[in-house]
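Have a look at coords.cif below; it lists mmCIF, C-alpha atoms.
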```
data_upload
loop_
_atom_site.group_PDB
_atom_site.id
_atom_site.type_symbol
_atom_site.label_atom_id
_atom_site.label_comp_id
_atom_site.auth_asym_id
_atom_site.auth_seq_id
_atom_site.Cartn_x
_atom_site.Cartn_y
_atom_site.Cartn_z
ATOM 1 C CA MET A 194 0.000 0.000 0.000
ATOM 2 C CA GLU A 195 1.418 3.380 -1.024
ATOM 3 C CA LYS A 196 2.093 5.741 1.838
ATOM 4 C CA PRO A 197 0.435 9.177 1.661
ATOM 5 C CA LYS A 198 2.731 12.027 0.634
ATOM 6 C CA TYR A 199 3.124 14.922 3.021
ATOM 7 C CA SER A 200 4.401 18.364 2.050
ATOM 8 C CA GLU A 201 7.311 19.914 3.914
ATOM 9 C CA PHE A 202 7.088 23.535 4.952
ATOM 10 C CA TYR A 203 9.383 26.402 5.871
ATOM 11 C CA GLN A 204 8.232 28.531 8.774
ATOM 12 C CA VAL A 205 8.767 32.168 7.787
ATOM 13 C CA TYR A 206 8.418 35.168 10.125
ATOM 14 C CA VAL A 207 6.507 37.610 7.925
ATOM 15 C CA TRP A 208 4.607 40.165 10.034
ATOM 16 C CA GLN A 209 6.627 41.834 12.770
ATOM 17 C CA ARG A 210 4.968 42.745 16.053
ATOM 18 C CA PRO A 211 4.639 46.497 15.258
ATOM 19 C CA VAL A 212 2.794 45.624 12.028
ATOM 20 C CA ARG A 213 0.438 43.279 13.851
ATOM 21 C CA ILE A 214 -0.255 45.841 16.580
ATOM 22 C CA TYR A 215 -0.931 48.499 13.936
ATOM 23 C CA HIS A 216 -3.307 46.143 12.106
ATOM 24 C CA TRP A 217 -5.499 45.374 15.103
ATOM 25 C CA VAL A 218 -5.470 48.931 16.493
ATOM 26 C CA ASN A 219 -6.427 50.180 13.035
ATOM 27 C CA ALA A 220 -9.215 47.603 12.729
ATOM 28 C CA ALA A 221 -10.641 48.629 16.119
ATOM 29 C CA CYS A 222 -10.414 52.327 15.244
ATOM 30 C CA VAL A 223 -12.130 51.884 11.873
ATOM 31 C CA PHE A 224 -14.969 49.967 13.535
ATOM 32 C CA VAL A 225 -15.488 52.559 16.292
ATOM 33 C CA LEU A 226 -15.165 55.496 13.887
ATOM 34 C CA ALA A 227 -17.625 53.967 11.416
ATOM 35 C CA VAL A 228 -20.262 53.282 14.079
ATOM 36 C CA THR A 229 -19.929 56.638 15.857
ATOM 37 C CA GLY A 230 -19.599 58.505 12.550
ATOM 38 C CA TYR A 231 -22.803 56.954 11.254
ATOM 39 C CA LEU A 232 -24.603 57.966 14.468
ATOM 40 C CA ILE A 233 -23.289 61.524 14.170
ATOM 41 C CA GLY A 234 -24.581 61.740 10.600
ATOM 42 C CA ASN A 235 -27.859 59.992 11.445
ATOM 43 C CA PRO A 236 -28.545 60.584 15.158
ATOM 44 C CA LEU A 237 -31.093 58.400 16.884
ATOM 45 C CA ALA A 238 -34.252 59.969 18.271
ATOM 46 C CA ILE A 239 -34.064 58.811 21.901
ATOM 47 C CA HIS A 240 -37.198 59.801 23.784
ATOM 48 C CA SER A 241 -36.715 60.284 27.508
ATOM 49 C CA SER A 242 -38.341 62.325 30.264
ATOM 50 C CA ALA A 243 -34.911 63.156 31.726
ATOM 51 C CA GLU A 244 -33.336 66.559 31.212
ATOM 52 C CA ALA A 245 -30.981 66.880 28.228
ATOM 53 C CA TYR A 246 -27.962 67.710 30.435
ATOM 54 C CA SER A 247 -28.354 64.409 32.307
ATOM 55 C CA GLN A 248 -28.351 62.363 29.114
ATOM 56 C CA TYR A 249 -25.583 63.809 26.935
ATOM 57 C CA TRP A 250 -25.439 60.586 24.901
ATOM 58 C CA PHE A 251 -24.779 62.403 21.635
ATOM 59 C CA GLY A 252 -21.930 64.348 23.219
ATOM 60 C CA THR A 253 -20.461 61.062 24.409
ATOM 61 C CA VAL A 254 -20.692 59.611 20.895
ATOM 62 C CA ARG A 255 -18.901 62.659 19.479
ATOM 63 C CA PHE A 256 -16.195 62.482 22.137
ATOM 64 C CA ILE A 257 -15.563 58.791 21.388
ATOM 65 C CA HIS A 258 -15.379 59.616 17.679
ATOM 66 C CA PHE A 259 -12.891 62.460 18.159
ATOM 67 C CA ALA A 260 -10.713 60.587 20.674
ATOM 68 C CA THR A 261 -10.580 57.515 18.425
ATOM 69 C CA ALA A 262 -9.655 59.753 15.480
ATOM 70 C CA TYR A 263 -6.494 60.850 17.309
ATOM 71 C CA ILE A 264 -5.553 57.229 18.002
ATOM 72 C CA PHE A 265 -6.249 56.400 14.350
ATOM 73 C CA VAL A 266 -4.083 59.183 12.915
ATOM 74 C CA PHE A 267 -1.065 58.576 15.156
ATOM 75 C CA ASN A 268 -1.306 54.838 14.539
ATOM 76 C CA TYR A 269 -1.354 55.721 10.825
ATOM 77 C CA ILE A 270 1.763 57.919 11.199
ATOM 78 C CA PHE A 271 3.540 55.068 12.956
ATOM 79 C CA ARG A 272 2.711 52.706 10.069
ATOM 80 C CA ILE A 273 4.189 55.196 7.600
ATOM 81 C CA TYR A 274 7.380 55.220 9.675
ATOM 82 C CA TRP A 275 7.459 51.417 9.823
ATOM 83 C CA GLY A 276 6.981 51.275 6.063
ATOM 84 C CA PHE A 277 10.544 52.586 5.761
ATOM 85 C CA VAL A 278 12.302 50.732 8.619
ATOM 86 C CA GLY A 279 10.395 47.420 8.813
ATOM 87 C CA ASN A 280 11.296 44.107 7.208
ATOM 88 C CA ARG A 281 10.986 43.432 3.472
ATOM 89 C CA PHE A 282 7.334 42.369 3.784
ATOM 90 C CA SER A 283 6.129 45.623 5.349
ATOM 91 C CA ARG A 284 8.112 48.211 3.376
ATOM 92 C CA PHE A 285 6.279 50.521 0.985
ATOM 93 C CA SER A 286 8.553 49.543 -1.905
ATOM 94 C CA LYS A 287 6.382 46.408 -2.251
ATOM 95 C CA TYR A 288 3.088 48.304 -2.364
ATOM 96 C CA LEU A 289 3.385 49.871 -5.823
ATOM 97 C CA PRO A 290 3.191 47.747 -9.017
ATOM 98 C CA LEU A 291 6.234 49.282 -10.692
ATOM 99 C CA LYS A 292 7.411 46.173 -12.519
ATOM 100 C CA LYS A 293 5.909 44.085 -15.294
ATOM 101 C CA GLU A 294 5.820 40.970 -13.104
ATOM 102 C CA HIS A 295 3.727 42.878 -10.530
ATOM 103 C CA TRP A 296 0.994 43.521 -13.112
ATOM 104 C CA LYS A 297 1.167 39.919 -14.242
ATOM 105 C CA GLU A 298 0.654 38.808 -10.656
ATOM 106 C CA ILE A 299 -2.295 41.187 -10.292
ATOM 107 C CA LEU A 300 -3.956 39.533 -13.290
ATOM 108 C CA ASP A 301 -3.224 36.079 -11.851
ATOM 109 C CA VAL A 302 -4.819 37.040 -8.533
ATOM 110 C CA LEU A 303 -7.908 38.330 -10.351
ATOM 111 C CA ARG A 304 -8.145 34.980 -12.148
ATOM 112 C CA ILE A 305 -8.161 33.247 -8.754
ATOM 113 C CA ASP A 306 -10.266 35.612 -6.634
ATOM 114 C CA ILE A 307 -12.775 37.008 -9.128
ATOM 115 C CA LEU A 308 -12.974 34.792 -12.208
ATOM 116 C CA MET A 309 -11.926 31.579 -10.431
ATOM 117 C CA ILE A 310 -10.369 30.210 -13.642
ATOM 118 C CA ARG A 311 -7.011 29.480 -12.051
ATOM 119 C CA LYS A 312 -6.928 26.652 -9.526
ATOM 120 C CA LYS A 313 -3.315 26.717 -8.343
ATOM 121 C CA PRO A 314 -2.670 29.484 -5.764
ATOM 122 C CA LEU A 315 0.175 31.950 -6.202
ATOM 123 C CA ALA A 316 3.455 31.210 -4.472
ATOM 124 C CA SER A 317 3.740 34.460 -2.493
ATOM 125 C CA ILE A 318 5.003 34.956 1.037
ATOM 126 C CA GLY A 319 3.926 38.481 1.982
ATOM 127 C CA HIS A 320 1.144 40.387 0.271
ATOM 128 C CA ASN A 321 0.463 39.445 -3.324
ATOM 129 C CA ALA A 322 0.721 42.332 -5.821
ATOM 130 C CA LEU A 323 -3.020 43.042 -5.921
ATOM 131 C CA ALA A 324 -3.390 43.041 -2.137
ATOM 132 C CA ALA A 325 -0.352 45.301 -1.725
ATOM 133 C CA PHE A 326 -1.648 47.787 -4.314
ATOM 134 C CA SER A 327 -5.134 47.799 -2.756
ATOM 135 C CA TYR A 328 -3.563 48.613 0.648
ATOM 136 C CA PHE A 329 -1.696 51.514 -0.959
ATOM 137 C CA ILE A 330 -5.023 52.841 -2.297
ATOM 138 C CA LEU A 331 -6.513 52.334 1.165
ATOM 139 C CA PHE A 332 -3.679 54.387 2.696
ATOM 140 C CA LEU A 333 -4.683 57.244 0.365
ATOM 141 C CA ALA A 334 -8.288 56.844 1.526
ATOM 142 C CA PHE A 335 -7.031 56.989 5.131
ATOM 143 C CA LEU A 336 -5.267 60.243 4.262
ATOM 144 C CA CYS A 337 -8.461 61.714 2.788
ATOM 145 C CA GLU A 338 -10.425 60.674 5.873
ATOM 146 C CA VAL A 339 -7.886 62.261 8.224
ATOM 147 C CA PHE A 340 -7.751 65.554 6.321
ATOM 148 C CA THR A 341 -11.522 65.919 5.940
ATOM 149 C CA GLY A 342 -12.277 64.746 9.477
ATOM 150 C CA PHE A 343 -9.879 67.101 11.215
ATOM 151 C CA ALA A 344 -10.911 69.915 8.872
ATOM 152 C CA LEU A 345 -14.488 69.559 10.150
ATOM 153 C CA TYR A 346 -13.223 69.302 13.730
ATOM 154 C CA SER A 347 -11.025 72.413 13.410
ATOM 155 C CA ASP A 348 -14.043 74.761 13.538
ATOM 156 C CA MET A 349 -15.025 73.540 16.991
ATOM 157 C CA SER A 350 -11.682 72.636 18.558
ATOM 158 C CA PRO A 351 -8.981 74.870 20.077
ATOM 159 C CA SER A 352 -6.429 72.094 19.448
ATOM 160 C CA TRP A 353 -3.400 73.202 17.428
ATOM 161 C CA PHE A 354 -3.340 69.852 15.658
ATOM 162 C CA ALA A 355 -6.901 70.179 14.374
ATOM 163 C CA GLY A 356 -6.115 73.766 13.349
ATOM 164 C CA LEU A 357 -3.500 72.462 10.918
ATOM 165 C CA PHE A 358 -6.337 71.210 8.679
ATOM 166 C CA HIS A 359 -8.525 74.314 8.673
ATOM 167 C CA TRP A 360 -7.421 75.222 5.126
ATOM 168 C CA VAL A 361 -9.070 72.064 3.748
ATOM 169 C CA VAL A 362 -12.611 73.464 4.133
ATOM 170 C CA PRO A 363 -12.275 76.479 1.779
ATOM 171 C CA LEU A 364 -10.132 74.404 -0.613
ATOM 172 C CA MET A 365 -12.898 71.799 -1.025
ATOM 173 C CA GLY A 366 -15.720 74.329 -1.278
ATOM 174 C CA GLY A 367 -17.152 74.429 2.233
ATOM 175 C CA ASP A 368 -18.267 72.227 5.114
ATOM 176 C CA PHE A 369 -20.954 70.410 3.134
ATOM 177 C CA ALA A 370 -18.519 69.106 0.485
ATOM 178 C CA VAL A 371 -15.965 68.119 3.124
ATOM 179 C CA ARG A 372 -18.624 66.269 5.115
ATOM 180 C CA GLN A 373 -19.826 64.429 1.995
ATOM 181 C CA TRP A 374 -16.316 63.230 1.163
ATOM 182 C CA HIS A 375 -15.715 62.236 4.779
ATOM 183 C CA HIS A 376 -18.935 60.215 4.813
ATOM 184 C CA ALA A 377 -18.159 58.588 1.443
ATOM 185 C CA MET A 378 -14.742 57.426 2.666
ATOM 186 C CA MET A 379 -16.441 55.722 5.618
ATOM 187 C CA TRP A 380 -18.359 53.507 3.192
ATOM 188 C CA VAL A 381 -15.124 52.773 1.316
ATOM 189 C CA PHE A 382 -13.716 51.356 4.569
ATOM 190 C CA VAL A 383 -16.867 49.367 5.292
ATOM 191 C CA ILE A 384 -16.911 47.778 1.831
ATOM 192 C CA PHE A 385 -13.162 47.145 1.890
ATOM 193 C CA THR A 386 -13.420 45.462 5.298
ATOM 194 C CA LEU A 387 -16.101 43.053 4.083
ATOM 195 C CA ILE A 388 -14.055 42.121 0.996
ATOM 196 C CA HIS A 389 -10.841 41.917 3.022
ATOM 197 C CA VAL A 390 -12.262 39.533 5.633
ATOM 198 C CA TYR A 391 -13.764 37.295 2.934
ATOM 199 C CA LEU A 392 -10.526 37.104 0.908
ATOM 200 C CA VAL A 393 -8.373 36.435 3.984
ATOM 201 C CA PHE A 394 -10.434 33.384 4.890
ATOM 202 C CA TYR A 395 -10.712 32.344 1.231
ATOM 203 C CA HIS A 396 -6.940 32.434 0.701
ATOM 204 C CA ASP A 397 -6.377 30.747 4.033
ATOM 205 C CA TYR A 398 -8.545 27.879 2.804
ATOM 206 C CA VAL A 399 -7.104 27.724 -0.719
ATOM 207 C CA GLU A 400 -3.428 28.225 0.109
ATOM 208 C CA GLY A 401 -3.249 26.697 3.600
ATOM 209 C CA ARG A 402 -0.340 28.905 4.637
ATOM 210 C CA GLY A 403 -1.753 30.310 7.874
ATOM 211 C CA ILE A 404 -2.738 33.728 6.516
ATOM 212 C CA THR A 405 -5.285 34.339 9.262
ATOM 213 C CA SER A 406 -3.066 33.238 12.140
ATOM 214 C CA SER A 407 -0.052 35.114 10.717
ATOM 215 C CA MET A 408 -1.581 38.435 11.755
ATOM 216 C CA VAL A 409 -1.706 37.093 15.318
ATOM 217 C CA GLY A 410 1.608 35.269 15.621
ATOM 218 C CA GLY A 411 3.501 36.672 12.638
ATOM 219 C CA TRP A 412 4.423 33.321 11.026
ATOM 220 C CA LYS A 413 3.438 31.823 7.681
ATOM 221 C CA PHE A 414 4.128 28.331 6.332
ATOM 222 C CA ILE A 415 5.649 27.975 2.863
ATOM 223 C CA GLU A 416 5.884 24.704 0.970
ATOM 224 C CA LYS A 417 9.467 23.652 0.196
ATOM 225 C CA SER A 418 8.378 22.580 -3.277
ATOM 226 C CA GLU A 419 7.508 26.221 -4.079
ATOM 227 C CA PHE A 420 10.505 28.039 -2.596
ATOM 228 C CA LYS A 421 14.134 27.240 -2.025
ATOM 229 C CA ILE A 422 15.489 28.444 1.297
ATOM 230 C CA THR A 423 17.854 30.808 -0.590
ATOM 231 C CA GLU A 424 14.890 32.413 -2.361
ATOM 232 C CA LEU A 425 12.986 33.400 0.763
ATOM 233 C CA GLY A 426 15.078 36.495 1.259
ATOM 234 C CA LYS A 427 14.154 37.766 -2.204
ATOM 235 C CA GLU A 428 10.441 38.086 -1.531
#
```

Give the structure from the file, written as structure tokens.
Amino acid sequence: MEKPKYSEFYQVYVWQRPVRIYHWVNAACVFVLAVTGYLIGNPLAIHSSAEAYSQYWFGTVRFIHFATAYIFVFNYIFRIYWGFVGNRFSRFSKYLPLKKEHWKEILDVLRIDILMIRKKPLASIGHNALAAFSYFILFLAFLCEVFTGFALYSDMSPSWFAGLFHWVVPLMGGDFAVRQWHHAMMWVFVIFTLIHVYLVFYHDYVEGRGITSSMVGGWKFIEKSEFKITELGKE
């Protein structure tokens, strides 16, 4: 009777602790900002016989939104810093499709994720080219959200930091336009999060490399048949 064949794997440390901390802090901030931001734009009509000063629920929602925004922006600044000093998997040089092979990989990923006409998964260790490029676009969306959000906040805050963004309001044509862009970016994050969570679990199932657990422990598992140990440093 023929014995079953088992694949051998390399264990590769892909996501450093600062990247993992950034990821989960960012995820928590996006969730809190989306919920509180939606409530600010569409406040609930809470009927109560108590005096308004004793409720203050809307003020609490706004405070949570503003406080979380500060955590979000400084976490974002830290990620920009780590994009220059982190390991080869987290540096920004991998986030732009500047080479022909990057565009080829993007097409291959689309064949797997969207068209499902390619069965064999890509042999990538960090982000594939499409994921990396989509995160770069998301970083730009983050930037838009920060600028528009603090621009709106600058009219009501004595903070010097918020005052740095006051020029955005007249540049974009007034508070209404800024608020519309800020609200639109929230839905970009919501839609991206849904797609992101689906694809993470999908690739974890298809590739079996520990994509989901890698953002907790940092390690991925790479089949030896796909990579030579000398090639791992080139990813």

Closest contacts (range 209-285 of chain A/range 339-344 of chain A, max 9 Å, only C-alpha atoms) as a tab-separated table:
```
residue	atom	partner	partner_atom	distance
A:Phe259	CA	A:Phe343	CA	8.9
A:Ala262	CA	A:Val339	CA	7.9
A:Phe265	CA	A:Val339	CA	8.6
A:Val266	CA	A:Val339	CA	6.8
```

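Coordinates place CA of Phe267 in chain A at a distance of 19.9 Å from CA of Val228 in chain A.
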
With distances taken over all atoms listed in the file, which of A:Gly366, A:Gly279, A:Gly319, A:Gly356 is nearest to Val205 in chain A?
->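 For Val205 in chain A, the nearest of the given residues is A:Gly319.
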
Taking (0.3, 43.3, -2.2) in the file's own coordinates, collect the residues within 10 Å, counting only C-alpha atoms, and hand them back as a list in words.
->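 Answer for this query, in the requested form: Phe282, Ser283, Phe285, Lys287, Tyr288, Leu289, Pro290, His295, Glu298, Ile299, Ser317, Gly319, His320, Asn321, Ala322, Leu323, Ala324, Ala325, Phe326, Ser327, Tyr328 and Phe329 of chain A.
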
Those selected residues, please, written with C-alpha atoms and delivered as a short mmCIF file (atom, residue, chain, number, x, y, z; two decimals), keeping the file's coordinate frame.
```
data_model
loop_
_atom_site.label_atom_id
_atom_site.label_comp_id
_atom_site.auth_asym_id
_atom_site.auth_seq_id
_atom_site.Cartn_x
_atom_site.Cartn_y
_atom_site.Cartn_z
CA PHE A 282 7.33 42.37 3.78
CA SER A 283 6.13 45.62 5.35
CA PHE A 285 6.28 50.52 0.98
CA LYS A 287 6.38 46.41 -2.25
CA TYR A 288 3.09 48.30 -2.36
CA LEU A 289 3.38 49.87 -5.82
CA PRO A 290 3.19 47.75 -9.02
CA HIS A 295 3.73 42.88 -10.53
CA GLU A 298 0.65 38.81 -10.66
CA ILE A 299 -2.30 41.19 -10.29
CA SER A 317 3.74 34.46 -2.49
CA GLY A 319 3.93 38.48 1.98
CA HIS A 320 1.14 40.39 0.27
CA ASN A 321 0.46 39.44 -3.32
CA ALA A 322 0.72 42.33 -5.82
CA LEU A 323 -3.02 43.04 -5.92
CA ALA A 324 -3.39 43.04 -2.14
CA ALA A 325 -0.35 45.30 -1.72
CA PHE A 326 -1.65 47.79 -4.31
CA SER A 327 -5.13 47.80 -2.76
CA TYR A 328 -3.56 48.61 0.65
CA PHE A 329 -1.70 51.51 -0.96
#
```

Closest of A:Met408, A:Ile318, A:Trp275, A:Thr229 to Gly252 in chain A - atom-to-atom distances counting all atoms listed in the file |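 Checking each candidate against Gly252 in chain A, we get A:Thr229 as the closest.
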
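Taking CA of Tyr215 in chain A as the reference point, CA of Ala260 in chain A is found at 16.9 Å.
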
Would you mind reading off the distance between CA of Leu237 in chain A and CA of Ala370 in chain A, one decimal, in Å?
-> 23.3 Å

One residue among A:Tyr203, A:Phe358, A:Phe271, A:Tyr346 is nearest to Phe256 in chain A when using only C-alpha atoms, and that residue is A:Tyr346
